[in-house]
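> First, the structure itself, so that you have it in front of you.
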Amino acid sequence: MHPTENTPGLRFIPLGGVGEIGMNTALYGVDGQWLMVDLGISFADESLPGVDIILPDIGFAERLPELEGLVITHAHEDHYGGVPYLWPRLRCPIWCTPFVAAALERKLDDVPFGREVQINIVEPGQRFRVGSFELSFIHVTHSVPDASALVLHTEYGNVLHTGDWKLDPEPLVGERTPIDQLTELGRDGVLAMLGDSTNALRPGDSGSEAEVRDSLIELVGRQKKRVLITTFSSNIARIGSMLQAAKASGRIPAIVGRSMLRMLEAAREVGYLQDAPRPIDAREAASLQRDKVLLICTGSQGEPRSALARIAGNSHPFIKLEAGDTTIFSSKIIPGNERKLYDMHNQLVRNGVEVITEEDHFVHVSGHPSRDELERMIRWIRPKILVPVHGEPRHLRAHHELARTLGVPNPIRIDNGDVLMLAPGDARVVDSVPTGRLALDSNRIRGVGDELFRTRRRLMNHGTIMVSLVLDGYGSVLAPPIVADLGAGDHAPQSAGRDVIEAVVAAVEALSDDDAAQDERVKDAVRTAVRQAFVLPRDRRPIIEVQVSRLDNRTLDALEDD
């Protein structure tokens, strides 16, 4: 039975975010009608040179005859960052809470179709309809305002899609996660819970934003020179704490980075941080004394185009750090970003800047539930089925085992692309659909298996050799070949340049008249000669590019006559 057939049943299909951190995108199907929940991105690693953003392959969703809408749980890139790139493939209306809408509208200002997107604003706790789906949001505390868990009210039973959440007794921005609403939902009966697994391996609780605020105020107050703090642009509560830390230490706060400015504008638009000190911009901050400014900056994950990356590389137009200044990373390291961040840390330290991270000071708490919080949520909701999502395989397994320990009747682990039939009958995987990853490369979306990326990896790992030949129409070499070695021949002997030139000439002269007259035959012969002459290790296979220029025989005759 194909998963898109109009047959009875309640289905769940993750297109991203299961078995990985990021790119959260899911589909729910009820009796042939479909709803998408979140449309997120992930970030590329060194396996995709030149690429920053990874998108989920939503080809299956594009082909659905009845996709009734997209519901976004919160304004984090891994849950809504794909909208500016992939919405034209879906062209469906969007439902979200006020802060998500404000942040999304600013993202859509940068794309030509932005005004075509229909955004429907739903208040937390409000019940609403998306086509044939009856839904409601439950506000949850997270590291961004207006985060929501989503409840699907179906004839098969209630489904709780938790989104990202935590239990924070003092979240600073927004309300606490409403335990009474969750326990009431549990009493009403929950067929299935699809739950955040990010911190399933971490014991205890995730900690409170209020505790981080106290720590930042104390830490900033001890610094004697310029201080820069970086965090996620969407963590409005943390930015609010930084503004308060500036005030407490007699410093003027400055926002450095466009994405953070836009998030702060969105927060103020919907009523957050109204009483916080107003920050200045980077240009104004540059003229202040070093001990009178607190720089609040984008780039907490080492993003190469971020404000902090330019500051660390001494290429920012206004902000310069000097020996004795301090940079505080008030964030965790997202898996996969370690190398970029450590390189940035080292670059700052080499410049005499002190670097403070969560490894050596209390400057961050997670926005995701630790093990004790997961246990409480399971006890409140009492689902018949628990499906771990949002996490690597080790996180999913830990969440699954916790559910089993707590007596959940049917905890079930799935992968991206699995078609999970939640009802009727026992929960089970009945099919699978194609999934994958797409790369955003210079505003063009390509499959990650594109030949372009294989070529870039080969260039990066093996280098390239460029050979330029000038031949006559018969294939005779008219001038010594030019050979340029770009990172390929570091294992070759010193005489390789002369040897290569001689090998190239010999290879061309050894061709038959017919072969010498054909550029492709010449190039093949030259590539073979170059590879042998360079005496490269067997595991090094550089790209060898051969350019053949020919002078017309009549032109040569005329030159000789002159």
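By convention here, the chains of the structure tokens are called A, B, ... in the order presented, each chain's residues are numbered starting at 1, and ligands are numbered starting at 1 in the order presented.
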Considering only C-alpha atoms, return as number ranges by chain whatever protein or nucleic-acid residues lie within 7 Å of Ala200 of chain A, sequence-local ones (same chain, fewer than 2 positions apart) excluded.
A: 197-198, 202, 370-371, 395, 398-399
> If you run DSSP over the backbone, which residues in segment 361-462 of chain A end up strand (DSSP E or B)? Put them as an mmCIF file with N, CA and C atoms, in the first residue's frame.

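To be explicit, this is the file written out as result-v5.cif:
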data_model
loop_
_atom_site.group_PDB
_atom_site.id
_atom_site.type_symbol
_atom_site.label_atom_id
_atom_site.label_comp_id
_atom_site.auth_asym_id
_atom_site.auth_seq_id
_atom_site.Cartn_x
_atom_site.Cartn_y
_atom_site.Cartn_z
ATOM 1 N N ILE A 385 2.086 5.205 23.027
ATOM 2 C CA ILE A 385 3.207 5.056 22.093
ATOM 3 C C ILE A 385 4.155 6.222 22.334
ATOM 4 N N LEU A 386 5.459 5.957 22.410
ATOM 5 C CA LEU A 386 6.442 7.026 22.473
ATOM 6 C C LEU A 386 7.449 6.832 21.341
ATOM 7 N N VAL A 387 7.630 7.887 20.546
ATOM 8 C CA VAL A 387 8.567 7.842 19.423
ATOM 9 C C VAL A 387 9.664 8.880 19.670
ATOM 10 N N PRO A 388 10.876 8.463 19.969
ATOM 11 C CA PRO A 388 11.962 9.432 20.147
ATOM 12 C C PRO A 388 12.322 10.093 18.808
ATOM 13 N N VAL A 389 12.408 11.410 18.797
ATOM 14 C CA VAL A 389 12.848 12.162 17.622
ATOM 15 C C VAL A 389 13.863 13.206 18.098
ATOM 16 N N GLY A 391 17.377 13.870 17.627
ATOM 17 C CA GLY A 391 18.570 13.396 18.300
ATOM 18 C C GLY A 391 19.333 12.406 17.454
ATOM 19 N N ASN A 410 4.270 0.963 24.291
ATOM 20 C CA ASN A 410 4.863 0.720 22.979
ATOM 21 C C ASN A 410 5.830 1.836 22.600
ATOM 22 N N PRO A 411 7.035 1.850 23.167
ATOM 23 C CA PRO A 411 8.051 2.768 22.653
ATOM 24 C C PRO A 411 8.604 2.201 21.346
ATOM 25 N N ASP A 418 10.851 6.518 7.416
ATOM 26 C CA ASP A 418 9.943 5.435 7.815
ATOM 27 C C ASP A 418 8.503 5.945 7.860
ATOM 28 N N VAL A 419 7.588 5.148 7.365
ATOM 29 C CA VAL A 419 6.160 5.453 7.470
ATOM 30 C C VAL A 419 5.629 4.689 8.681
ATOM 31 N N LEU A 420 5.394 5.420 9.759
ATOM 32 C CA LEU A 420 4.942 4.813 11.005
ATOM 33 C C LEU A 420 3.427 4.908 11.084
ATOM 34 N N MET A 421 2.752 3.784 11.059
ATOM 35 C CA MET A 421 1.304 3.736 11.241
ATOM 36 C C MET A 421 1.030 3.733 12.744
ATOM 37 N N LEU A 422 0.457 4.842 13.233
ATOM 38 C CA LEU A 422 0.156 4.967 14.655
ATOM 39 C C LEU A 422 -1.177 4.323 15.014
ATOM 40 N N ALA A 423 -2.111 4.351 14.076
ATOM 41 C CA ALA A 423 -3.444 3.780 14.295
ATOM 42 C C ALA A 423 -4.117 3.623 12.924
ATOM 43 N N ARG A 428 3.405 0.536 14.049
ATOM 44 C CA ARG A 428 4.337 -0.290 13.281
ATOM 45 C C ARG A 428 4.800 0.484 12.053
ATOM 46 N N VAL A 429 5.984 0.192 11.592
ATOM 47 C CA VAL A 429 6.488 0.775 10.349
ATOM 48 C C VAL A 429 5.942 -0.053 9.202
ATOM 49 N N VAL A 430 5.215 0.609 8.299
ATOM 50 C CA VAL A 430 4.544 -0.107 7.216
ATOM 51 C C VAL A 430 5.171 0.163 5.854
ATOM 52 N N ASP A 431 6.048 1.144 5.765
ATOM 53 C CA ASP A 431 6.607 1.493 4.455
ATOM 54 C C ASP A 431 7.759 2.467 4.694
ATOM 55 N N SER A 432 8.340 2.927 3.626
ATOM 56 C CA SER A 432 9.348 3.979 3.706
ATOM 57 C C SER A 432 9.250 4.849 2.469
ATOM 58 N N ARG A 437 19.430 14.674 1.771
ATOM 59 C CA ARG A 437 19.893 16.018 2.108
ATOM 60 C C ARG A 437 20.186 16.786 0.828
ATOM 61 N N LEU A 438 19.888 18.064 0.879
ATOM 62 C CA LEU A 438 20.178 18.972 -0.218
ATOM 63 C C LEU A 438 21.130 20.041 0.295
ATOM 64 N N ALA A 439 21.969 20.549 -0.572
ATOM 65 C CA ALA A 439 22.948 21.560 -0.194
ATOM 66 C C ALA A 439 22.604 22.877 -0.866
ATOM 67 N N LEU A 440 22.657 23.952 -0.088
ATOM 68 C CA LEU A 440 22.468 25.288 -0.635
ATOM 69 C C LEU A 440 23.844 25.822 -1.032
ATOM 70 N N ASP A 441 24.057 25.953 -2.323
ATOM 71 C CA ASP A 441 25.345 26.371 -2.857
ATOM 72 C C ASP A 441 25.147 27.612 -3.712
ATOM 73 N N ARG A 444 21.766 28.199 -4.964
ATOM 74 C CA ARG A 444 21.227 27.126 -5.792
ATOM 75 C C ARG A 444 21.177 25.861 -4.957
ATOM 76 N N ILE A 445 20.082 25.118 -5.056
ATOM 77 C CA ILE A 445 19.916 23.902 -4.278
ATOM 78 C C ILE A 445 20.358 22.711 -5.118
ATOM 79 N N ARG A 446 21.291 21.937 -4.568
ATOM 80 C CA ARG A 446 21.824 20.773 -5.260
ATOM 81 C C ARG A 446 21.761 19.559 -4.332
ATOM 82 N N GLY A 447 21.714 18.364 -4.906
ATOM 83 C CA GLY A 447 21.855 17.155 -4.115
ATOM 84 C C GLY A 447 23.267 17.053 -3.575
#
> So that I can check the secondary structure, give me every residue of segment 102-132 of chain A assigned alpha helix (DSSP H) by backbone DSSP, as a list in words.
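The alpha helix (DSSP H) subset of segment 102-132 of chain A is Ala102, Ala103, Leu104, Glu105, Arg106, Lys107 and Leu108 of chain A.
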> Output C-alpha atoms of each residue in that selection to a file, as a PDB file, in the first residue's frame.

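Contents of again-v3.pdb, as written:
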ATOM      1  CA  ALA A 102       7.708  38.181  13.361  1.00  0.00           C
ATOM      2  CA  ALA A 103      11.028  36.387  12.873  1.00  0.00           C
ATOM      3  CA  LEU A 104       9.836  34.555   9.748  1.00  0.00           C
ATOM      4  CA  GLU A 105       8.538  37.719   8.113  1.00  0.00           C
ATOM      5  CA  ARG A 106      12.010  39.241   8.439  1.00  0.00           C
ATOM      6  CA  LYS A 107      13.536  36.177   6.814  1.00  0.00           C
ATOM      7  CA  LEU A 108      11.051  36.354   3.963  1.00  0.00           C
TER       8      LEU A 108
END
> Do a neighbour search on Gly271 of chain A at 12 Å with only C-alpha atoms, toss out local chain neighbours closer than 4 positions, and write the hits as a PyMOL selection string.
chain A and resi 98-99+102+145-146+173-174+236+264-267+275-276
> Work out how far atom CA of Asp514 of chain A is from atom CA of Val500 of chain A, in Å to one decimal.
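Here the two named atoms are 23.8 Å from each other.
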> Between A:Ile356, A:Val83, A:Ala210, A:Val71, which residue has the minimum interatomic distance to Gly163 of chain A, considering only C-alpha atoms?
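Among the listed residues, A:Val71 lies closest to Gly163 of chain A.
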> Work out how far atom CA of Ala254 of chain A is from atom CA of Gly40 of chain A, in Å to one decimal.
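Distance reported for this atom pair: 29.2 Å.
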> Closest to Ser148 of chain A among A:Thr73, A:Val270, A:Phe113, A:Arg129, using only C-alpha atoms?
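Nearest candidate to Ser148 of chain A out of A:Thr73, A:Val270, A:Phe113, A:Arg129: A:Thr73.
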> Taking only C-alpha atoms into account, produce a table as a tab-separated table in which each residue of segment 54-132 of chain A with an atom at most 8 Å from an atom of segment 4-28 of chain A appears once, together with its shortest atom pair and the distance in Å to one decimal, ordered by chain and rising number.

residue	atom	partner	partner_atom	distance
A:Ile54	CA	A:Met23	CA	7.7
A:Leu55	CA	A:Met23	CA	6.5
A:Pro56	CA	A:Gly16	CA	6.0
A:Asp57	CA	A:Leu15	CA	7.3
A:Ile58	CA	A:Leu15	CA	6.9
A:Ala61	CA	A:Leu27	CA	7.9
A:Leu64	CA	A:Thr4	CA	6.7
A:Asp78	CA	A:Gly22	CA	4.7
A:His79	CA	A:Asn24	CA	5.4
> Leaving out Arg278 of chain A and any residue of its chain fewer than 2 positions from it, which residues lie within 12 Å of it when counting only C-alpha atoms, given as a PDB file with C-alpha atoms, in the first residue's frame?

ATOM      1  CA  ILE A 239      20.426  38.409  25.090  1.00  0.00           C
ATOM      2  CA  GLY A 240      18.260  40.043  27.755  1.00  0.00           C
ATOM      3  CA  MET A 242      23.574  40.240  28.483  1.00  0.00           C
ATOM      4  CA  LEU A 243      21.828  43.605  28.308  1.00  0.00           C
ATOM      5  CA  GLN A 244      21.346  43.444  32.081  1.00  0.00           C
ATOM      6  CA  ALA A 246      26.027  45.520  30.625  1.00  0.00           C
ATOM      7  CA  LYS A 247      23.840  47.732  32.799  1.00  0.00           C
ATOM      8  CA  ARG A 251      28.870  49.264  30.149  1.00  0.00           C
ATOM      9  CA  ILE A 252      26.910  50.229  27.031  1.00  0.00           C
ATOM     10  CA  PRO A 253      25.596  47.178  25.139  1.00  0.00           C
ATOM     11  CA  ALA A 254      26.105  46.939  21.388  1.00  0.00           C
ATOM     12  CA  ILE A 255      24.587  44.385  18.999  1.00  0.00           C
ATOM     13  CA  LEU A 261      19.472  42.658  15.291  1.00  0.00           C
ATOM     14  CA  LEU A 264      15.824  41.519  18.743  1.00  0.00           C
ATOM     15  CA  GLU A 265      13.501  43.627  16.579  1.00  0.00           C
ATOM     16  CA  ARG A 268      10.384  43.828  20.833  1.00  0.00           C
ATOM     17  CA  LEU A 273      12.536  42.937  26.451  1.00  0.00           C
ATOM     18  CA  GLN A 274      10.596  46.191  26.645  1.00  0.00           C
ATOM     19  CA  ASP A 275      12.372  47.242  29.850  1.00  0.00           C
ATOM     20  CA  ALA A 276      15.866  46.096  28.854  1.00  0.00           C
ATOM     21  CA  ILE A 280      23.766  50.708  20.142  1.00  0.00           C
ATOM     22  CA  ASP A 281      25.220  49.462  16.838  1.00  0.00           C
TER      23      ASP A 281
END
> Which residue out of A:Phe232, A:Tyr474, A:Tyr342, A:Trp380 has the minimum interatomic distance to His364 of chain A when only C-alpha atoms are used?
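For His364 of chain A, the nearest of the candidates is A:Phe232.
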> Determine, counting only C-alpha atoms, which protein, DNA and RNA residues have an atom within 8 Å of an atom of segment 150-152 of chain A; residues of the same chain fewer than 3 positions away are not included. Present the result as a VMD selection string.
chain A and resid 73 133 to 138 158 to 163
> With N, CA and C atoms retained, export the selected residues as a PDB file, in the first residue's frame.

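Now in out.pdb:
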ATOM      1  N   THR A  73       6.794  24.972  15.039  1.00  0.00           N
ATOM      2  CA  THR A  73       6.728  24.924  16.503  1.00  0.00           C
ATOM      3  C   THR A  73       7.513  26.053  17.163  1.00  0.00           C
ATOM      4  N   PHE A 133      -7.434  19.105   9.824  1.00  0.00           N
ATOM      5  CA  PHE A 133      -6.744  18.813  11.081  1.00  0.00           C
ATOM      6  C   PHE A 133      -7.214  19.757  12.182  1.00  0.00           C
ATOM      7  N   GLU A 134      -7.557  19.197  13.336  1.00  0.00           N
ATOM      8  CA  GLU A 134      -7.877  19.986  14.516  1.00  0.00           C
ATOM      9  C   GLU A 134      -6.657  19.955  15.437  1.00  0.00           C
ATOM     10  N   LEU A 135      -6.132  21.130  15.753  1.00  0.00           N
ATOM     11  CA  LEU A 135      -4.850  21.234  16.432  1.00  0.00           C
ATOM     12  C   LEU A 135      -4.930  22.194  17.604  1.00  0.00           C
ATOM     13  N   SER A 136      -3.940  22.125  18.500  1.00  0.00           N
ATOM     14  CA  SER A 136      -3.781  23.149  19.529  1.00  0.00           C
ATOM     15  C   SER A 136      -2.313  23.234  19.907  1.00  0.00           C
ATOM     16  N   PHE A 137      -1.904  24.439  20.289  1.00  0.00           N
ATOM     17  CA  PHE A 137      -0.555  24.676  20.788  1.00  0.00           C
ATOM     18  C   PHE A 137      -0.567  24.643  22.311  1.00  0.00           C
ATOM     19  N   ILE A 138       0.474  24.065  22.899  1.00  0.00           N
ATOM     20  CA  ILE A 138       0.747  24.193  24.322  1.00  0.00           C
ATOM     21  C   ILE A 138       2.098  24.893  24.447  1.00  0.00           C
ATOM     22  N   ASN A 158      -5.359  11.452  20.646  1.00  0.00           N
ATOM     23  CA  ASN A 158      -4.514  12.645  20.679  1.00  0.00           C
ATOM     24  C   ASN A 158      -3.054  12.268  20.433  1.00  0.00           C
ATOM     25  N   VAL A 159      -2.373  13.136  19.697  1.00  0.00           N
ATOM     26  CA  VAL A 159      -0.941  12.973  19.451  1.00  0.00           C
ATOM     27  C   VAL A 159      -0.244  14.239  19.940  1.00  0.00           C
ATOM     28  N   LEU A 160       0.799  14.081  20.755  1.00  0.00           N
ATOM     29  CA  LEU A 160       1.582  15.211  21.237  1.00  0.00           C
ATOM     30  C   LEU A 160       2.934  15.224  20.533  1.00  0.00           C
ATOM     31  N   HIS A 161       3.160  16.260  19.750  1.00  0.00           N
ATOM     32  CA  HIS A 161       4.446  16.498  19.105  1.00  0.00           C
ATOM     33  C   HIS A 161       5.141  17.558  19.956  1.00  0.00           C
ATOM     34  N   THR A 162       6.109  17.165  20.782  1.00  0.00           N
ATOM     35  CA  THR A 162       6.608  18.069  21.819  1.00  0.00           C
ATOM     36  C   THR A 162       7.393  19.248  21.269  1.00  0.00           C
ATOM     37  N   GLY A 163       7.966  19.135  20.055  1.00  0.00           N
ATOM     38  CA  GLY A 163       8.919  20.144  19.636  1.00  0.00           C
ATOM     39  C   GLY A 163      10.080  20.155  20.616  1.00  0.00           C
TER      40      GLY A 163
END
> For a quick check of understanding, using only C-alpha atoms, which of A:Asp188, A:Lys292, A:Ala285, A:Gly207 has the smallest distance to Ser249 of chain A?
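Among the listed residues, A:Lys292 lies closest to Ser249 of chain A.
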> May I ask for the distance between atom CA of Ser330 of chain A and atom CA of Val293 of chain A, given in Å to one decimal place?
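Atom CA of Val293 of chain A lies at a distance of 17.4 Å from atom CA of Ser330 of chain A.
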> Report as a compact mmCIF listing (two decimals) with C-alpha atoms, in the first residue's frame all protein, DNA and RNA residues lying within 12 Å of Ser306 of chain A, evaluated on only C-alpha atoms, omitting residues in the same chain fewer than 5 positions from it.

# COMPACT_ATOMS: atom_id res chain seq x y z
CA ASP A 52 27.01 26.40 4.73
CA THR A 230 28.33 35.53 21.65
CA THR A 231 25.24 33.34 21.75
CA PHE A 232 22.51 32.07 19.44
CA SER A 233 20.69 34.98 17.81
CA VAL A 256 26.99 43.18 16.30
CA GLY A 257 25.47 41.01 13.59
CA ARG A 258 22.45 41.40 11.33
CA SER A 259 20.63 38.20 12.36
CA MET A 260 20.75 39.17 16.04
CA CYS A 297 27.69 39.26 18.79
CA THR A 298 26.63 36.57 16.30
CA GLY A 299 28.94 33.67 15.47
CA SER A 300 28.68 31.35 18.47
CA GLN A 301 29.10 28.30 16.22
CA ILE A 311 36.32 40.12 14.33
CA ALA A 312 38.56 37.13 15.14
CA GLY A 313 40.16 37.46 11.72
CA SER A 315 38.53 41.96 9.12
CA HIS A 316 35.47 43.57 10.74
CA MET A 344 38.26 30.39 16.16
> For Leu374 of chain A, which of A:Val227, A:Met193, A:Val522, A:Leu219 is the closest residue, counting only C-alpha atoms?
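Looking at the shortest contact to Leu374 of chain A, the residue is A:Met193.
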